[in-house]
Structures are given as structure tokens and as C-alpha cells.
Amino acid sequence: MDENRSQPLMRLRSVSKGFNTKDEKIEILNQVDFDIYQGQTIAVVGASGIGKSTFLHVIGTLDRPDSGSLFFQDCDLLSMNDAKLARFRNKKIGFVFQFHHLLSGFTALENVMIPCMISRVSRKQALEKAKTVISRLGLEKRLYHRAEDLSGGEQQRIAMARALVMNPDLLLADEPTGNLDRKNSSEMHRLIMALNQEFNMTLVVVTHNEELAGLMQKKVTIKETRIISVD
């Protein structure tokens, strides 16, 4: 992929973000510029509390920056109101977090269908899409198991299925294997990379896991409110 000739999937320009405490404003990101290209795999690394998750949340439009601009192809995301931004996020971005955030009492299939239902996909089509992606992740025998009856590794794969069911252009993962043992972590790493190749899906992962970071095409290091290196 020639980055000099292709248009970025997402562009951050002069992005700054901070949080107010009772006594002061804490600056997390300061004048950050960054481009993300279709199909890339990117690891975001750095010390705990340095702003990696905030960086991911800004990319994912979960947090609006205090200043700067954020473009998805030619679309100015920060010009959208919250409702339009939520619709964009539902269709274009998938999220996987350290904690699976599945709904207890609901089956694996029902959990994966949720983004489709939010997007007003018909129930029949939502069922088909959810079953297909769950089967792709090797859990077709767990369709009707409640979330709390799944193992930790299975729960995280169902969370991955939920993130993928709308076929997003961009998958954002925040410590996706942080709560898994070594065996399940390695399996999840292989799955993430296989999905990237299979769907030409762009992947940005915040991680402290050196094995996972080493699989990514790029490693971005954040320190003291700025990106200090891109390897």
C-alpha cells in the first residue's frame, strides 16, 4: 500500500483533548496529527494513563476533541450532531474493549444482533448476519447460550462478533486480550489478524501486549500528550 498515493480512511489534524478536574485542566492530547489508511493494522502503545484510550475514543467518535478536526475520507465528522455521529459510528466503526460488555440474560446471538437492530436492519437479516459472523468465529454451537454461561475466551469472541456484524470499515480494540490467559490471547491475536486479511479491515489496537503489538504493521507510541514515534 502506497500511503503517498491513497487517500487516508481517517485524518486527525491538530487534535487536542483534556479533562477538567476541580483544580485544573489535565491535557491528554495536544495538537495530534495522524492518518489511518484502509487495511492498516496499528498498535498504539505507551505507559498506562498516558492517553492511549483517549486517542482511541477520539478516533472512534466516542469523545469529541476540544479542538482540531477529524475526517473520515471526505466527511467532516465533528460537523455532525450527536445523532448523526451515532449513526455513522454504528455503520462504520466496530469496538472491542478489555471487558466484553455483553448483556447478561441475553444469548450470544441476541448480543451480536444488537448493532443490527439499532440500525433498523430487519430481524430476519439481523439473525442471518449474526449467525454468519458467530460461525466465522467458531462459536456456532454457542448461539443460544446466555452470555454469562460462556467462557472468558468465548465471551470475548462474541464481543468481537458484535463489533464485526455491521461489516465496519474500522475496528478499534482497547486491550482486547487484557483479561484472557495466554492461550486464549494467542488465539484472539491470530483471529484478529486473519480477519484483517479476510475483510481488508482497518485495525487500531491499544495494547500493552508485546506479542499483539508485534503483529501490527505500525506501532504508534504516545508520550506526554503527543505521538512521539511511528515505527
# chains A, B, ... in the order shown; residues from 1 in each chain; ligands from 1
call {"tool": "residues_around", "arguments": {"residues": "Arg89 of chain A", "least_positions_apart": "2", "cutoff": "12 Å", "atoms": "only C-alpha atoms", "output": "number ranges by chain"}}
result
A: 57-63, 72, 77, 80, 82-87, 91-95, 115, 118-119, 163, 166-172
call {"tool": "write_last_selection", "arguments": {"atoms": "N, CA, C and O atoms", "output": "compact mmCIF listing (two decimals), in the first residue's frame"}}
result
# COMPACT_ATOMS: atom_id res chain seq x y z
N HIS A 57 -10.68 6.68 21.65
CA HIS A 57 -12.05 7.18 21.76
C HIS A 57 -12.31 8.36 20.83
O HIS A 57 -13.41 8.51 20.31
N VAL A 58 -11.30 9.19 20.62
CA VAL A 58 -11.45 10.30 19.67
C VAL A 58 -11.58 9.74 18.25
O VAL A 58 -12.45 10.17 17.48
N ILE A 59 -10.72 8.79 17.90
CA ILE A 59 -10.81 8.17 16.57
C ILE A 59 -12.19 7.54 16.37
O ILE A 59 -12.78 7.64 15.30
N GLY A 60 -12.70 6.91 17.43
CA GLY A 60 -13.98 6.23 17.34
C GLY A 60 -15.18 7.14 17.52
O GLY A 60 -16.32 6.66 17.53
N THR A 61 -14.97 8.43 17.68
CA THR A 61 -16.01 9.44 17.87
C THR A 61 -16.81 9.23 19.15
O THR A 61 -17.92 9.76 19.29
N LEU A 62 -16.27 8.48 20.10
CA LEU A 62 -16.91 8.37 21.40
C LEU A 62 -16.68 9.63 22.23
O LEU A 62 -17.51 9.99 23.06
N ASP A 63 -15.53 10.28 22.04
CA ASP A 63 -15.22 11.56 22.67
C ASP A 63 -14.93 12.60 21.60
O ASP A 63 -14.17 12.31 20.66
N PHE A 72 -13.39 11.43 8.09
CA PHE A 72 -13.48 10.06 7.59
C PHE A 72 -13.64 10.18 6.09
O PHE A 72 -14.69 10.61 5.61
N LEU A 77 -16.39 14.76 10.44
CA LEU A 77 -17.17 14.10 11.49
C LEU A 77 -17.62 15.06 12.58
O LEU A 77 -18.70 14.92 13.14
N MET A 80 -21.00 16.93 12.51
CA MET A 80 -22.25 16.20 12.72
C MET A 80 -22.77 16.43 14.13
O MET A 80 -22.00 16.59 15.07
N ASP A 82 -24.88 14.87 17.47
CA ASP A 82 -24.66 13.60 18.16
C ASP A 82 -25.44 12.45 17.53
O ASP A 82 -24.96 11.32 17.46
N ALA A 83 -26.65 12.71 17.07
CA ALA A 83 -27.48 11.66 16.48
C ALA A 83 -26.87 11.15 15.17
O ALA A 83 -26.79 9.93 14.94
N LYS A 84 -26.43 12.06 14.32
CA LYS A 84 -25.80 11.66 13.06
C LYS A 84 -24.48 10.93 13.32
O LYS A 84 -24.15 9.96 12.64
N LEU A 85 -23.75 11.41 14.30
CA LEU A 85 -22.47 10.77 14.63
C LEU A 85 -22.70 9.35 15.15
O LEU A 85 -21.93 8.43 14.84
N ALA A 86 -23.75 9.16 15.92
CA ALA A 86 -24.07 7.82 16.43
C ALA A 86 -24.42 6.88 15.28
O ALA A 86 -24.02 5.70 15.28
N ARG A 87 -25.15 7.38 14.29
CA ARG A 87 -25.49 6.55 13.12
C ARG A 87 -24.26 6.20 12.32
O ARG A 87 -24.09 5.06 11.86
N LYS A 91 -22.53 2.23 11.77
CA LYS A 91 -22.34 1.62 10.46
C LYS A 91 -20.87 1.45 10.09
O LYS A 91 -20.53 0.51 9.35
N LYS A 92 -20.00 2.29 10.58
CA LYS A 92 -18.63 2.34 10.06
C LYS A 92 -17.56 1.85 11.03
O LYS A 92 -16.44 1.51 10.60
N ILE A 93 -17.85 1.82 12.34
CA ILE A 93 -16.81 1.52 13.33
C ILE A 93 -17.28 0.41 14.26
O ILE A 93 -18.41 0.42 14.74
N GLY A 94 -16.40 -0.57 14.48
CA GLY A 94 -16.65 -1.61 15.46
C GLY A 94 -15.72 -1.43 16.65
O GLY A 94 -14.59 -0.96 16.49
N PHE A 95 -16.20 -1.80 17.83
CA PHE A 95 -15.42 -1.60 19.06
C PHE A 95 -15.31 -2.93 19.82
O PHE A 95 -16.29 -3.65 19.97
N PRO A 115 -26.24 -4.39 17.28
CA PRO A 115 -25.93 -3.29 16.35
C PRO A 115 -26.85 -3.27 15.13
O PRO A 115 -27.18 -2.20 14.62
N ILE A 118 -30.16 -1.75 16.22
CA ILE A 118 -30.01 -0.29 16.37
C ILE A 118 -30.08 0.38 15.01
O ILE A 118 -30.66 1.47 14.86
N SER A 119 -29.52 -0.29 14.00
CA SER A 119 -29.51 0.26 12.64
C SER A 119 -30.79 -0.03 11.87
O SER A 119 -30.89 0.27 10.68
N ALA A 163 -18.86 -6.62 17.23
CA ALA A 163 -18.16 -5.49 16.62
C ALA A 163 -18.10 -5.62 15.10
O ALA A 163 -18.03 -4.62 14.39
N MET A 166 -21.79 -5.50 11.56
CA MET A 166 -22.18 -4.48 10.59
C MET A 166 -21.13 -4.25 9.51
O MET A 166 -21.21 -3.29 8.75
N ASN A 167 -20.14 -5.14 9.45
CA ASN A 167 -19.05 -5.03 8.47
C ASN A 167 -18.40 -3.65 8.48
O ASN A 167 -18.37 -2.93 7.47
N PRO A 168 -17.86 -3.23 9.63
CA PRO A 168 -17.31 -1.87 9.73
C PRO A 168 -16.03 -1.71 8.91
O PRO A 168 -15.32 -2.68 8.65
N ASP A 169 -15.77 -0.47 8.50
CA ASP A 169 -14.51 -0.17 7.83
C ASP A 169 -13.35 -0.16 8.81
O ASP A 169 -12.21 -0.41 8.44
N LEU A 170 -13.66 0.18 10.07
CA LEU A 170 -12.62 0.40 11.07
C LEU A 170 -12.97 -0.36 12.34
O LEU A 170 -14.07 -0.21 12.87
N LEU A 171 -12.03 -1.18 12.80
CA LEU A 171 -12.21 -1.88 14.07
C LEU A 171 -11.24 -1.31 15.08
O LEU A 171 -10.03 -1.26 14.85
N LEU A 172 -11.77 -0.86 16.21
CA LEU A 172 -10.97 -0.28 17.29
C LEU A 172 -11.02 -1.22 18.49
O LEU A 172 -12.11 -1.62 18.91
call {"tool": "residues_around", "arguments": {"residues": "Gly39 of chain A", "least_positions_apart": "3", "cutoff": "10 Å", "atoms": "only C-alpha atoms", "output": "list in words"}}
result
Met1, Leu9, Ile36, Ile42, Asp169, Leu170, Asn196, Gln197, Phe199, Asn200, Met201, Thr202, Leu203 and Gln217 of chain A
call {"tool": "write_last_selection", "arguments": {"atoms": "all heavy atoms", "output": "compact mmCIF listing (two decimals), in the first residue's frame"}}
result
# COMPACT_ATOMS: atom_id res chain seq x y z
N MET A 1 0.85 -1.20 0.00
CA MET A 1 0.00 0.00 0.00
C MET A 1 0.88 1.24 0.00
O MET A 1 1.76 1.41 0.84
CB MET A 1 -0.89 0.00 1.23
CG MET A 1 -1.74 1.22 1.38
SD MET A 1 -2.81 1.11 2.83
CE MET A 1 -1.60 0.83 4.11
N LEU A 9 -8.16 6.81 5.15
CA LEU A 9 -9.50 6.48 5.60
C LEU A 9 -9.96 7.49 6.65
O LEU A 9 -11.09 7.94 6.65
CB LEU A 9 -9.52 5.06 6.18
CG LEU A 9 -10.86 4.57 6.72
CD1 LEU A 9 -11.84 4.35 5.57
CD2 LEU A 9 -10.66 3.27 7.51
N ILE A 36 -4.82 7.41 9.05
CA ILE A 36 -5.09 5.97 9.08
C ILE A 36 -5.55 5.57 7.69
O ILE A 36 -6.45 6.20 7.12
CB ILE A 36 -6.18 5.62 10.11
CG1 ILE A 36 -5.75 6.07 11.52
CG2 ILE A 36 -6.49 4.13 10.09
CD1 ILE A 36 -6.87 5.99 12.54
N ILE A 42 -2.59 -1.15 13.23
CA ILE A 42 -1.81 -0.18 14.01
C ILE A 42 -1.93 -0.51 15.48
O ILE A 42 -3.04 -0.67 16.00
CB ILE A 42 -2.33 1.26 13.76
CG1 ILE A 42 -2.23 1.62 12.27
CG2 ILE A 42 -1.57 2.27 14.61
CD1 ILE A 42 -2.97 2.90 11.92
N ASP A 169 -15.77 -0.47 8.50
CA ASP A 169 -14.51 -0.17 7.83
C ASP A 169 -13.35 -0.16 8.81
O ASP A 169 -12.21 -0.41 8.44
CB ASP A 169 -14.59 1.20 7.14
CG ASP A 169 -15.58 1.20 6.00
OD1 ASP A 169 -15.31 0.54 4.98
OD2 ASP A 169 -16.64 1.84 6.13
N LEU A 170 -13.66 0.18 10.07
CA LEU A 170 -12.62 0.40 11.07
C LEU A 170 -12.97 -0.36 12.34
O LEU A 170 -14.07 -0.21 12.87
CB LEU A 170 -12.51 1.90 11.36
CG LEU A 170 -11.50 2.39 12.38
CD1 LEU A 170 -10.08 2.03 11.97
CD2 LEU A 170 -11.62 3.90 12.56
N ASN A 196 -8.43 -9.22 9.60
CA ASN A 196 -7.88 -8.07 8.88
C ASN A 196 -7.58 -8.43 7.44
O ASN A 196 -7.91 -7.68 6.50
CB ASN A 196 -6.61 -7.57 9.59
CG ASN A 196 -5.79 -6.63 8.73
OD1 ASN A 196 -4.77 -7.04 8.18
ND2 ASN A 196 -6.23 -5.40 8.58
N GLN A 197 -6.97 -9.59 7.22
CA GLN A 197 -6.63 -10.02 5.88
C GLN A 197 -7.89 -10.37 5.08
O GLN A 197 -8.00 -10.04 3.89
CB GLN A 197 -5.71 -11.25 5.94
CG GLN A 197 -4.33 -10.95 6.50
CD GLN A 197 -3.54 -10.02 5.61
OE1 GLN A 197 -3.53 -10.16 4.39
NE2 GLN A 197 -2.89 -9.03 6.21
N PHE A 199 -11.08 -9.36 5.41
CA PHE A 199 -12.03 -8.29 5.11
C PHE A 199 -11.35 -6.98 4.72
O PHE A 199 -12.06 -5.99 4.51
CB PHE A 199 -12.93 -8.06 6.33
CG PHE A 199 -13.77 -9.25 6.70
CD1 PHE A 199 -13.51 -9.98 7.85
CD2 PHE A 199 -14.81 -9.65 5.89
CE1 PHE A 199 -14.27 -11.07 8.19
CE2 PHE A 199 -15.60 -10.75 6.23
CZ PHE A 199 -15.33 -11.46 7.38
N ASN A 200 -10.01 -6.96 4.62
CA ASN A 200 -9.29 -5.71 4.37
C ASN A 200 -9.74 -4.65 5.36
O ASN A 200 -9.94 -3.48 5.03
CB ASN A 200 -9.48 -5.22 2.94
CG ASN A 200 -8.53 -4.09 2.58
OD1 ASN A 200 -7.40 -4.04 3.07
ND2 ASN A 200 -8.97 -3.17 1.74
N MET A 201 -9.92 -5.09 6.60
CA MET A 201 -10.46 -4.25 7.67
C MET A 201 -9.32 -3.47 8.34
O MET A 201 -8.27 -4.03 8.63
CB MET A 201 -11.15 -5.15 8.70
CG MET A 201 -11.74 -4.47 9.88
SD MET A 201 -12.52 -5.72 10.94
CE MET A 201 -11.11 -6.78 11.33
N THR A 202 -9.53 -2.20 8.53
CA THR A 202 -8.54 -1.38 9.21
C THR A 202 -8.64 -1.62 10.71
O THR A 202 -9.73 -1.68 11.27
CB THR A 202 -8.79 0.10 8.90
OG1 THR A 202 -8.82 0.26 7.47
CG2 THR A 202 -7.69 0.97 9.48
N LEU A 203 -7.50 -1.75 11.36
CA LEU A 203 -7.46 -2.16 12.76
C LEU A 203 -6.54 -1.24 13.55
O LEU A 203 -5.38 -1.06 13.20
CB LEU A 203 -6.97 -3.61 12.85
CG LEU A 203 -6.78 -4.23 14.23
CD1 LEU A 203 -8.11 -4.31 14.97
CD2 LEU A 203 -6.16 -5.62 14.09
N GLN A 217 1.30 -3.72 11.58
CA GLN A 217 2.17 -3.11 10.58
C GLN A 217 2.88 -1.87 11.14
O GLN A 217 4.01 -1.58 10.77
CB GLN A 217 1.35 -2.71 9.34
CG GLN A 217 0.75 -3.88 8.59
CD GLN A 217 -0.28 -3.44 7.57
OE1 GLN A 217 -0.74 -2.29 7.58
NE2 GLN A 217 -0.66 -4.34 6.69
call {"tool": "residues_around", "arguments": {"residues": "Met113 of chain A", "least_positions_apart": "3", "cutoff": "10 Å", "atoms": "only C-alpha atoms", "output": "ChimeraX atom specification"}}
result
/A:107-110,116-118,121,123,125-131,161-162,165-166
call {"tool": "closest_residue", "arguments": {"among": "A:Ile28, A:Gln73, A:Lys183, A:Asn111", "to": "Gly49 of chain A", "atoms": "only C-alpha atoms"}}
result
A:Ile28
call {"tool": "residues_around", "arguments": {"residues": "Leu29 of chain A", "least_positions_apart": "3", "cutoff": "12 Å", "atoms": "only C-alpha atoms", "output": "VMD selection string"}}
result
chain A and resid 12 to 19 25 to 26 32 to 33 49 to 58 64 to 68 222 to 228
call {"tool": "atom_distance", "arguments": {"atom1": "atom CA of Gln155 of chain A", "atom2": "atom CA of Leu102 of chain A"}}
result
7.5 Å
